[in-house]
Amino acid sequence: MASSTPPHFVLVPLMSQSHLIPFTDMAKALAQRGLIVTLVMAPENATQFTTLLDEAKKSRLIIQFLEAKSTMGSEKNNRLPSQDLTPQFFDASNMMQEPLENWLQESEKAGSLPHCIVSDFCLPWTSDLSRKFGIPKLVFHTVSCFTLFCSHNIDVHKPYDRVESDSDPFLVPDVPDRILFTKAQLPTLGSFGSDQWTDIIGKFKSAEKSADGVIVNSFEEMEPAYIVGYKKQVKSMWCIGPLCLYNKTAPFHRGNKASIDEHEFLSWLNSKKEKSVIYVCFGSISRLCPKQLMELGLGLESSGSPFIWIIKKADCSPELENWFAKERFVERIEERGLIIRGWAPQVLILSHPAIGGFLTHCGWNSTLEGVSSGLPMITWPMFAEQFYNENFIVEVLKIGVKVGVEVPMQLEEEKAAVLVKRGDVEKAVKELMEGGEEGEKRRKRATELREMAKKAVEEGGSSFLNIMLLIEYIKQLKNKY
Ligand code: UDP
């Protein structure tokens, strides 16, 4: 790599909002260090990020798109009706391989191959391209080191073999905190476990082993012991997050198009007392059945706290809307509750001073966004690694209150059940928002974490330095390839 050529990184995310969003933030973070960044995306995703990238260009950052068609777009994934679709979804993601390979071939002919591929953990085929073109490859994890290290130790020691049923708790071995899981809660063991799924994860892991290093959307001050633990399992590792804090210029435009006018929700929030509002959102994929949504609504109403409640378009069923109308729910909650049907500008809302708590499904991006905004959280995990994140928020960071879900939600409509009653919601919201001495401690810790997060991405902070280190590492590595 000639010293005058800026390093060129090609970023390959999985086509799902919770992967595209941190990848886009990472693109900005890398471009801010003078790198050329190419983001590979399906055309239907690329249009969602044009505003954000226009902003980047205004700041003279070199970020470009490589459009890679797939047979299944992000829209479909946002409405995943069933976990069974997962293998098909990953097959569809593999369709990006060919356009990327063609582009690399052209780049090779032109003598302008990129210096590094940063691949989503869930796209193992990028290893073939790394080998074929002699380009170093880094794997990007959209989960925490806590999740990575706990699941590694569970895989190695198999503590679940010593319990009788799927609902018996077992301790995660060799970790500094007392972390309990049941088999039912773990993505590869419980009711979602299948040979097909185990096979898919196996491919992801072997691609990670062959990679030149690993990037994690986390920061060193938040989970030091888990970072040290997982670092031993991989060639090299850098924590460069929270990536959401790099997206300062266009917080309203993040992921899908917001379903609310910026001024409308800001004036609503401005009318509320500091730290008085609870924000309720279940991420980009998780679905709730109409009966569960009704229980949640009644719980929020009886909690007495002002709230912003995001209901996905796909969840706005006729059954729910009829219930809202019959109960005159919107009139009943009056000015106290704001319901957004569709997509919310989450990061912008969370950073508003009126927000005092976050009821979350515990996706990793949402968890980090809550931490970066200094918010205590109510945890309502649904599936995948969300039970890990719940344990992390409650048992490690000690900034959360569990709503009390013990098992993953069933995604098939006929199996959907009410797992959380209105009384559970009311109790959790009261505990989080009022909470007495314990509540104050949670809030204080959450504020401290927010300050640590901010420092980590500032000049001289741990994540800031880690980005420099990983760029240097790639420069050195490129000379060896
Ligand atoms: N998100 C958003 N508005 C919404 C719903 C989600 O901006 O109405 C964003 C949220 O800020 C986060 C991402 O979508 O960045 C969801 O990712 P997460 O890992 O939390 O959950 P997942 O979607 O994977 O379940």
# chains A, B, ... in the order shown; residues from 1 in each chain; ligands from 1
>>> residues_near_ligand(ligand="ligand 1", cutoff="9 Å", atoms="only C-alpha atoms and all ligand atoms", output="VMD selection string")
chain A and resid 16 to 22 78 142 to 143 244 252 to 259 281 to 286 310 to 312 340 to 348 360 to 369 382 to 384 386
>>> write_last_selection(atoms="N, CA and C atoms", output="compact mmCIF listing (two decimals), in the first residue's frame")
# COMPACT_ATOMS: atom_id res chain seq x y z
N SER A 16 -30.40 -6.34 6.73
CA SER A 16 -31.41 -6.21 7.76
C SER A 16 -31.10 -4.91 8.50
N GLN A 17 -32.14 -4.17 8.90
CA GLN A 17 -31.91 -2.84 9.46
C GLN A 17 -30.87 -2.85 10.58
N SER A 18 -30.95 -3.87 11.45
CA SER A 18 -30.08 -3.84 12.62
C SER A 18 -28.62 -4.15 12.26
N HIS A 19 -28.36 -4.54 11.01
CA HIS A 19 -26.98 -4.70 10.54
C HIS A 19 -26.60 -3.52 9.65
N LEU A 20 -27.54 -3.10 8.81
CA LEU A 20 -27.26 -1.98 7.90
C LEU A 20 -26.96 -0.70 8.68
N ILE A 21 -27.70 -0.48 9.75
CA ILE A 21 -27.54 0.77 10.51
C ILE A 21 -26.12 0.88 11.11
N PRO A 22 -25.64 -0.11 11.88
CA PRO A 22 -24.28 0.05 12.42
C PRO A 22 -23.20 0.04 11.33
N ASN A 78 -37.83 -7.23 7.37
CA ASN A 78 -38.43 -6.43 8.43
C ASN A 78 -39.76 -7.00 8.86
N THR A 142 -22.34 -7.71 15.27
CA THR A 142 -23.37 -6.76 15.71
C THR A 142 -23.95 -7.19 17.07
N VAL A 143 -23.14 -7.92 17.84
CA VAL A 143 -23.54 -8.30 19.21
C VAL A 143 -22.42 -7.90 20.16
N CYS A 244 -23.39 4.22 17.07
CA CYS A 244 -24.48 5.20 16.91
C CYS A 244 -23.99 6.61 17.24
N PHE A 252 -32.20 12.11 12.38
CA PHE A 252 -33.60 11.88 12.03
C PHE A 252 -33.71 10.81 10.94
N HIS A 253 -32.68 10.74 10.08
CA HIS A 253 -32.70 9.79 8.97
C HIS A 253 -31.82 8.60 9.32
N ARG A 254 -32.41 7.58 9.84
CA ARG A 254 -31.63 6.43 10.27
C ARG A 254 -32.45 5.19 9.98
N GLY A 255 -31.96 4.35 9.07
CA GLY A 255 -32.73 3.17 8.69
C GLY A 255 -33.92 3.60 7.84
N ASN A 256 -35.09 3.02 8.12
CA ASN A 256 -36.28 3.34 7.34
C ASN A 256 -36.68 4.81 7.48
N LYS A 257 -37.61 5.23 6.61
CA LYS A 257 -38.08 6.62 6.68
C LYS A 257 -38.98 6.77 7.91
N ALA A 258 -38.78 7.83 8.68
CA ALA A 258 -39.57 8.02 9.90
C ALA A 258 -41.04 8.24 9.55
N SER A 259 -41.92 7.67 10.39
CA SER A 259 -43.36 7.77 10.13
C SER A 259 -44.00 8.93 10.87
N CYS A 281 -40.20 0.44 22.34
CA CYS A 281 -40.00 0.02 20.95
C CYS A 281 -39.37 -1.37 20.92
N PHE A 282 -39.77 -2.15 19.93
CA PHE A 282 -39.32 -3.54 19.85
C PHE A 282 -38.43 -3.82 18.64
N GLY A 283 -37.71 -2.80 18.19
CA GLY A 283 -36.73 -3.02 17.12
C GLY A 283 -37.34 -3.13 15.75
N SER A 284 -36.59 -3.73 14.82
CA SER A 284 -37.03 -3.72 13.43
C SER A 284 -37.71 -5.01 12.99
N ILE A 285 -37.58 -6.09 13.76
CA ILE A 285 -38.11 -7.38 13.29
C ILE A 285 -39.23 -7.93 14.19
N SER A 286 -39.02 -7.84 15.50
CA SER A 286 -39.92 -8.53 16.44
C SER A 286 -41.38 -8.12 16.27
N ILE A 310 -44.01 2.80 19.97
CA ILE A 310 -43.86 2.53 18.54
C ILE A 310 -44.54 1.20 18.22
N ILE A 311 -45.50 1.25 17.30
CA ILE A 311 -46.16 0.01 16.85
C ILE A 311 -45.81 -0.17 15.37
N LYS A 312 -45.14 -1.29 15.09
CA LYS A 312 -44.76 -1.54 13.69
C LYS A 312 -45.99 -1.56 12.78
N ILE A 340 -46.69 6.01 17.71
CA ILE A 340 -46.16 6.16 16.35
C ILE A 340 -46.35 4.83 15.65
N ARG A 341 -47.14 4.83 14.57
CA ARG A 341 -47.35 3.60 13.81
C ARG A 341 -46.33 3.57 12.69
N GLY A 342 -45.38 2.64 12.76
CA GLY A 342 -44.37 2.54 11.71
C GLY A 342 -42.97 2.65 12.29
N TRP A 343 -42.17 3.57 11.74
CA TRP A 343 -40.75 3.68 12.09
C TRP A 343 -40.49 4.99 12.81
N ALA A 344 -39.78 4.91 13.93
CA ALA A 344 -39.49 6.12 14.72
C ALA A 344 -38.03 6.52 14.57
N PRO A 345 -37.74 7.81 14.67
CA PRO A 345 -36.33 8.24 14.71
C PRO A 345 -35.78 7.96 16.12
N GLN A 346 -35.47 6.69 16.37
CA GLN A 346 -35.21 6.22 17.74
C GLN A 346 -34.07 6.97 18.46
N VAL A 347 -32.93 7.09 17.76
CA VAL A 347 -31.77 7.69 18.43
C VAL A 347 -32.06 9.13 18.82
N LEU A 348 -32.76 9.82 17.94
CA LEU A 348 -33.10 11.22 18.22
C LEU A 348 -34.05 11.30 19.43
N THR A 360 -37.38 -1.96 26.08
CA THR A 360 -36.75 -2.47 24.86
C THR A 360 -36.85 -3.98 24.74
N HIS A 361 -36.81 -4.44 23.48
CA HIS A 361 -36.79 -5.89 23.23
C HIS A 361 -35.35 -6.42 23.35
N CYS A 362 -34.42 -5.53 23.67
CA CYS A 362 -33.02 -5.91 23.92
C CYS A 362 -32.26 -6.33 22.66
N GLY A 363 -32.56 -5.73 21.51
CA GLY A 363 -31.66 -5.88 20.38
C GLY A 363 -30.35 -5.19 20.75
N TRP A 364 -29.24 -5.59 20.16
CA TRP A 364 -27.97 -5.01 20.60
C TRP A 364 -27.86 -3.53 20.23
N ASN A 365 -28.36 -3.14 19.05
CA ASN A 365 -28.29 -1.72 18.69
C ASN A 365 -29.11 -0.89 19.67
N SER A 366 -30.32 -1.36 19.95
CA SER A 366 -31.17 -0.61 20.89
C SER A 366 -30.50 -0.53 22.26
N THR A 367 -29.90 -1.63 22.70
CA THR A 367 -29.23 -1.64 23.99
C THR A 367 -28.13 -0.57 24.03
N LEU A 368 -27.30 -0.55 22.98
CA LEU A 368 -26.21 0.43 22.93
C LEU A 368 -26.75 1.86 22.84
N GLU A 369 -27.84 2.02 22.10
CA GLU A 369 -28.43 3.36 21.96
C GLU A 369 -28.99 3.82 23.31
N MET A 382 -37.10 -11.16 23.19
CA MET A 382 -38.03 -11.96 22.39
C MET A 382 -37.38 -13.20 21.80
N PHE A 383 -36.24 -13.02 21.15
CA PHE A 383 -35.56 -14.21 20.60
C PHE A 383 -34.13 -13.85 20.26
N ALA A 384 -33.46 -14.74 19.50
CA ALA A 384 -32.05 -14.57 19.12
C ALA A 384 -31.21 -14.28 20.36
N GLN A 386 -31.25 -11.87 22.34
CA GLN A 386 -31.82 -10.83 23.21
C GLN A 386 -31.84 -11.21 24.69
>>> select_by_dssp(residues="stretch 378-423 of chain A", states="strand (DSSP E or B)", output="MDAnalysis selection string")
chainID A and resid 378:379 400:402
>>> residues_around(residues="stretch 233-240 of chain A", least_positions_apart="6", cutoff="7 Å", atoms="only C-alpha atoms", output="CSV table (one decimal) with C-alpha atoms, in the first residue's frame")
chain,number,residue,atom,x,y,z
A,209,LYS,CA,-11.8,-18.3,12.6
A,212,ASP,CA,-7.7,-11.7,10.0
A,213,GLY,CA,-9.5,-10.1,12.9
A,214,VAL,CA,-12.8,-9.1,14.5
A,215,ILE,CA,-14.5,-5.7,15.0
A,216,VAL,CA,-17.2,-5.4,17.7
A,217,ASN,CA,-19.7,-2.6,18.2
A,218,SER,CA,-18.9,-2.1,21.9
A,219,PHE,CA,-16.5,-0.1,24.0
A,220,GLU,CA,-13.8,-1.2,26.4
A,463,SER,CA,-12.8,3.3,20.4
A,464,PHE,CA,-11.2,6.2,18.6
A,466,ASN,CA,-8.9,1.2,18.2
A,467,ILE,CA,-10.1,2.5,14.8
A,470,LEU,CA,-7.1,-1.5,13.1
>>> closest_residue(among="A:Val429, A:Ile393, A:Val172, A:Met409", to="A:Ser303", atoms="only C-alpha atoms")
A:Val429
>>> residues_around(residues="A:Pro306", least_positions_apart="6", cutoff="9 Å", atoms="only C-alpha atoms", output="list of chain:residue names")
A:Lys272, A:Ser276, A:Val277, A:Ile278, A:Tyr279, A:Leu300, A:Ile333, A:Glu335, A:Arg336, A:Gly337, A:Leu338
>>> write_last_selection(atoms="N, CA, C and O atoms", output="PDB file, in the first residue's frame")
ATOM      1  N   LYS A 272     -43.041  17.901  27.791  1.00  0.00           N
ATOM      2  CA  LYS A 272     -42.994  16.968  28.934  1.00  0.00           C
ATOM      3  C   LYS A 272     -41.839  17.306  29.879  1.00  0.00           C
ATOM      4  O   LYS A 272     -40.826  17.872  29.459  1.00  0.00           O
ATOM      5  N   SER A 276     -39.252  12.197  32.246  1.00  0.00           N
ATOM      6  CA  SER A 276     -40.557  11.684  32.684  1.00  0.00           C
ATOM      7  C   SER A 276     -41.155  10.660  31.721  1.00  0.00           C
ATOM      8  O   SER A 276     -42.085   9.937  32.075  1.00  0.00           O
ATOM      9  N   VAL A 277     -40.637  10.580  30.485  1.00  0.00           N
ATOM     10  CA  VAL A 277     -41.301   9.779  29.447  1.00  0.00           C
ATOM     11  C   VAL A 277     -40.604   8.435  29.257  1.00  0.00           C
ATOM     12  O   VAL A 277     -39.368   8.367  29.245  1.00  0.00           O
ATOM     13  N   ILE A 278     -41.404   7.387  29.106  1.00  0.00           N
ATOM     14  CA  ILE A 278     -40.825   6.079  28.778  1.00  0.00           C
ATOM     15  C   ILE A 278     -41.023   5.826  27.282  1.00  0.00           C
ATOM     16  O   ILE A 278     -42.113   6.038  26.747  1.00  0.00           O
ATOM     17  N   TYR A 279     -39.946   5.426  26.628  1.00  0.00           N
ATOM     18  CA  TYR A 279     -39.988   5.145  25.186  1.00  0.00           C
ATOM     19  C   TYR A 279     -40.083   3.625  25.001  1.00  0.00           C
ATOM     20  O   TYR A 279     -39.300   2.868  25.588  1.00  0.00           O
ATOM     21  N   LEU A 300     -49.310   0.355  29.974  1.00  0.00           N
ATOM     22  CA  LEU A 300     -48.720   1.699  29.865  1.00  0.00           C
ATOM     23  C   LEU A 300     -49.695   2.738  30.404  1.00  0.00           C
ATOM     24  O   LEU A 300     -49.310   3.674  31.112  1.00  0.00           O
ATOM     25  N   ILE A 333     -55.892   8.121  26.590  1.00  0.00           N
ATOM     26  CA  ILE A 333     -54.527   8.458  27.052  1.00  0.00           C
ATOM     27  C   ILE A 333     -54.209   9.927  26.789  1.00  0.00           C
ATOM     28  O   ILE A 333     -53.219  10.459  27.301  1.00  0.00           O
ATOM     29  N   GLU A 335     -53.075  13.448  26.049  1.00  0.00           N
ATOM     30  CA  GLU A 335     -51.746  14.006  25.812  1.00  0.00           C
ATOM     31  C   GLU A 335     -50.629  13.176  26.443  1.00  0.00           C
ATOM     32  O   GLU A 335     -49.458  13.424  26.238  1.00  0.00           O
ATOM     33  N   ARG A 336     -51.021  12.177  27.238  1.00  0.00           N
ATOM     34  CA  ARG A 336     -50.004  11.446  28.003  1.00  0.00           C
ATOM     35  C   ARG A 336     -49.235  10.437  27.153  1.00  0.00           C
ATOM     36  O   ARG A 336     -48.104  10.086  27.454  1.00  0.00           O
ATOM     37  N   GLY A 337     -49.854   9.967  26.083  1.00  0.00           N
ATOM     38  CA  GLY A 337     -49.181   8.956  25.273  1.00  0.00           C
ATOM     39  C   GLY A 337     -49.126   9.360  23.811  1.00  0.00           C
ATOM     40  O   GLY A 337     -50.074   9.929  23.278  1.00  0.00           O
ATOM     41  N   LEU A 338     -47.998   9.097  23.178  1.00  0.00           N
ATOM     42  CA  LEU A 338     -47.870   9.344  21.742  1.00  0.00           C
ATOM     43  C   LEU A 338     -47.619   8.000  21.068  1.00  0.00           C
ATOM     44  O   LEU A 338     -46.639   7.314  21.403  1.00  0.00           O
TER      45      LEU A 338
END
>>> closest_residue(among="A:Val396, A:Val37, A:Val401, A:Leu14", to="A:Phe121", atoms="only C-alpha atoms")
A:Leu14
>>> residues_around(residues="A:Ala446", least_positions_apart="2", cutoff="7 Å", atoms="only C-alpha atoms", output="PyMOL selection string")
chain A and resi 371+374-376+399+442-444+448-450
>>> residues_around(residues="stretch 33-35 of chain A", least_positions_apart="3", cutoff="6 Å", atoms="only C-alpha atoms", output="list of chain:residue names")
A:Pro6, A:Pro7, A:His8, A:Leu30
>>> residues_around(residues="A:Asp177", least_positions_apart="4", cutoff="12 Å", atoms="only C-alpha atoms", output="list in words")
Phe146, Cys150, Leu171, Val172, Pro173, Glu223, Ala225, Tyr226, Asn391, Phe392, Val394, Glu395, Val396, Leu397 and Lys398 of chain A
>>> write_last_selection(atoms="N, CA and C atoms", output="PDB file, in the first residue's frame")
ATOM      1  N   PHE A 146     -19.987  -9.654  25.657  1.00  0.00           N
ATOM      2  CA  PHE A 146     -20.657 -10.467  26.671  1.00  0.00           C
ATOM      3  C   PHE A 146     -21.354 -11.657  26.004  1.00  0.00           C
ATOM      4  N   CYS A 150     -19.946 -15.410  26.550  1.00  0.00           N
ATOM      5  CA  CYS A 150     -20.853 -16.351  27.236  1.00  0.00           C
ATOM      6  C   CYS A 150     -21.205 -17.500  26.299  1.00  0.00           C
ATOM      7  N   LEU A 171     -25.786 -22.101  35.154  1.00  0.00           N
ATOM      8  CA  LEU A 171     -24.847 -20.981  35.263  1.00  0.00           C
ATOM      9  C   LEU A 171     -23.880 -20.988  34.090  1.00  0.00           C
ATOM     10  N   VAL A 172     -23.564 -19.815  33.571  1.00  0.00           N
ATOM     11  CA  VAL A 172     -22.548 -19.743  32.512  1.00  0.00           C
ATOM     12  C   VAL A 172     -21.177 -19.881  33.180  1.00  0.00           C
ATOM     13  N   PRO A 173     -20.374 -20.880  32.776  1.00  0.00           N
ATOM     14  CA  PRO A 173     -19.081 -21.067  33.440  1.00  0.00           C
ATOM     15  C   PRO A 173     -18.027 -20.038  33.033  1.00  0.00           C
ATOM     16  N   GLU A 223     -17.451  -3.354  29.124  1.00  0.00           N
ATOM     17  CA  GLU A 223     -17.461  -4.800  29.406  1.00  0.00           C
ATOM     18  C   GLU A 223     -16.028  -5.361  29.333  1.00  0.00           C
ATOM     19  N   ALA A 225     -13.991  -7.292  31.120  1.00  0.00           N
ATOM     20  CA  ALA A 225     -13.646  -8.703  31.341  1.00  0.00           C
ATOM     21  C   ALA A 225     -14.099  -9.574  30.173  1.00  0.00           C
ATOM     22  N   TYR A 226     -15.251  -9.234  29.606  1.00  0.00           N
ATOM     23  CA  TYR A 226     -15.782 -10.039  28.498  1.00  0.00           C
ATOM     24  C   TYR A 226     -14.980  -9.785  27.212  1.00  0.00           C
ATOM     25  N   ASN A 391     -29.634 -10.115  30.225  1.00  0.00           N
ATOM     26  CA  ASN A 391     -28.741 -10.422  31.344  1.00  0.00           C
ATOM     27  C   ASN A 391     -27.642  -9.364  31.481  1.00  0.00           C
ATOM     28  N   PHE A 392     -27.153  -8.917  30.342  1.00  0.00           N
ATOM     29  CA  PHE A 392     -26.091  -7.908  30.362  1.00  0.00           C
ATOM     30  C   PHE A 392     -26.587  -6.597  30.981  1.00  0.00           C
ATOM     31  N   VAL A 394     -29.220  -6.131  32.953  1.00  0.00           N
ATOM     32  CA  VAL A 394     -29.710  -6.237  34.338  1.00  0.00           C
ATOM     33  C   VAL A 394     -28.601  -6.697  35.294  1.00  0.00           C
ATOM     34  N   GLU A 395     -27.880  -7.750  34.925  1.00  0.00           N
ATOM     35  CA  GLU A 395     -26.933  -8.357  35.875  1.00  0.00           C
ATOM     36  C   GLU A 395     -25.525  -7.756  35.805  1.00  0.00           C
ATOM     37  N   VAL A 396     -25.113  -7.285  34.629  1.00  0.00           N
ATOM     38  CA  VAL A 396     -23.741  -6.762  34.508  1.00  0.00           C
ATOM     39  C   VAL A 396     -23.738  -5.237  34.651  1.00  0.00           C
ATOM     40  N   LEU A 397     -24.494  -4.562  33.793  1.00  0.00           N
ATOM     41  CA  LEU A 397     -24.505  -3.096  33.870  1.00  0.00           C
ATOM     42  C   LEU A 397     -25.355  -2.599  35.037  1.00  0.00           C
ATOM     43  N   LYS A 398     -26.311  -3.419  35.454  1.00  0.00           N
ATOM     44  CA  LYS A 398     -27.221  -3.086  36.556  1.00  0.00           C
ATOM     45  C   LYS A 398     -27.975  -1.781  36.307  1.00  0.00           C
TER      46      LYS A 398
END
>>> closest_residue(among="A:Met26, A:Leu269, A:Val10, A:Leu100", to="A:Cys116", atoms="only C-alpha atoms")
A:Val10
>>> atom_distance(atom1="atom CA of A:Cys316", atom2="atom CA of A:Thr379")
22.5 Å
